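Worksheet for the structure shown next.
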Amino acid sequence: MSDPKMPRFVQLRIADDDAERDAARTALLAPAASIAPKFFYDRLGSHLFEAITELDEYYPTRTEATIFARHGAEMATAIGPGPALIDLGAGSCAKAARLFPLLEPKRYVAVDISVAFLRDALRALQRDHPQIAMAGVGEDFSTTLEIPADLVGDERPVFFYPGSSIGNFEAAEALAFLRRIRDRASGGGLLIGVDLVKPKAILEAAYDDGLGVTAAFNRNALLHLNRLIGSDFVPRQWRHVAFYDVAKARVEMHLEARADVAVAWPGGGRRFAAGERIHTENSCKHTVDGFRSMLLDAGFEAPRHWSDGDGWFAVFWAAAR
């Protein structure tokens, strides 16, 4: 018999390895080469991202934490106690754990693409909170969102998506993603962190820190690709580039070849000229009114939001009746 205090793990991201390799190679061979942001998050990448959140330059995590500390009781009143808390991109599970005393969830479902990292975090959390039924789901929820009904039970589903990760989606993608959540959140809703438009200097420092942790995080995607497609990327041959595009209201991250370089993989390869870039991530920034409209378009009820004193970040609660 299994230990009832050990979390259950469900692997839903059963990738078609051939299709994933083909997609990765196709993206590298496109005129404007790219790497999907999901390749940041192997075990090392997940740890590097946790380190990024501790940096002075990276304001989103501490600003969001301040909002939860100041307004968490109001959020809990709006949400109501005892939900099934479904944590998208759970990572270390630390953000959700801070809400446990306020929301008093009966169930906690942690969803992440990095299953190994999630498994370690969730086991530790279950030991600290044996009264909460916990489960981990391995899934690339950016493309599909499947939460087994038995993991939620009869409790209201409250989706939790903190940390401004919604910014990785372009507008149409973000709307489609929010609609997928809405379809699965009936009777509950969505608690989501949103990074707001702010001065360029602040944004660029947050994505290009002085210690180079974000640069290591970016280059680690090359090592992940090497394992996936058998390529021979050498991370030191690539420079981390991050900048804010004011017109598009988004930070872009790229890897730039320091010199002419040839990258090979079984059955193919590509030459990159010095200065040529591989696009690895967008991080779109929003306005309060713009994101409120997006939630309404996705089918949620009129949302509430809470922000910090500088208006740098916002947390929205949107009910799904």
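Following the order of the structure tokens, chains are lettered A, B, ..., residues in each are numbered from 1, and ligands are numbered from 1.
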
A:Gln11: which residues within 8 Å, counting only C-alpha atoms, same-chain residues fewer than 6 positions away excluded, as a ChimeraX atom specification? /A:137-139

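Contact shell of A:Glu57 at 10 Å (only C-alpha atoms; same-chain neighbours under 5 positions omitted): Ile52, Ile202, Leu203, Glu204, Ala205, Ala206, Tyr207, Asp208, Asp209, Gly210 and Leu211 of chain A.
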
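Residue nearest A:Trp312 within the list A:Ala259, A:Leu196, A:Ala242, A:Ala51: A:Leu196 [criterion: smallest interatomic distance, only C-alpha atoms].
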
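Coordinates place atom CA of A:Ala36 at a distance of 28.5 Å from atom CA of A:Phe300.
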
From a backbone DSSP assignment, name each residue in stretch 47-145 of chain A labelled strand (DSSP E or B), as a ChimeraX atom specification. /A:84-88,107-112,133-138

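Of the listed residues A:Ala257, A:Val111, A:Ile132, A:Ala78, the one whose atoms come nearest to A:His305 is A:Ala78, with distances taken using only C-alpha atoms.
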
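Taking only C-alpha atoms into account, A:Ile166 lies nearest to A:Ser283 out of the set A:Gln131, A:Ser283, A:Ser34, A:Ser46.
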
For A:Pro199, which of A:Leu55, A:Ala19, A:Val246, A:Leu151 is the closest residue, counting only C-alpha atoms? A:Val246

Taking a cut-off of 12 Å and counting only C-alpha atoms, can you build a table that, for each residue of stretch 170-230 of chain A near stretch 87-99 of chain A, reports the nearest atom pair and how far apart they are in Å (one decimal), sorted by chain then residue number, as a Markdown table?
| residue | atom | partner | partner_atom | distance |
| --- | --- | --- | --- | --- |
| A:Phe177 | CA | A:Leu88 | CA | 11.8 |
| A:Ile181 | CA | A:Leu88 | CA | 10.3 |
| A:Leu190 | CA | A:Asp87 | CA | 10.1 |
| A:Leu191 | CA | A:Asp87 | CA | 9.7 |
| A:Ile192 | CA | A:Leu88 | CA | 9.8 |
| A:Gly193 | CA | A:Lys95 | CA | 11.2 |

Write the residues of the preceding selection, restricted to C-alpha atoms, as a PDB file, in the first residue's frame.
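part-v4.pdb, freshly written:
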ATOM      1  CA  PHE A 177      -4.664  30.058 -23.136  1.00  0.00           C
ATOM      2  CA  ILE A 181      -8.364  27.829 -18.285  1.00  0.00           C
ATOM      3  CA  LEU A 190      -8.057  32.250 -11.965  1.00  0.00           C
ATOM      4  CA  LEU A 191      -5.538  34.067  -9.756  1.00  0.00           C
ATOM      5  CA  ILE A 192      -2.811  35.386 -12.051  1.00  0.00           C
ATOM      6  CA  GLY A 193       0.246  37.625 -11.852  1.00  0.00           C
TER       7      GLY A 193
END

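Using only C-alpha atoms, the smallest distance between any of A:Arg156, A:Arg219, A:Arg119, A:His129 and A:Gly187 comes from A:Arg156.
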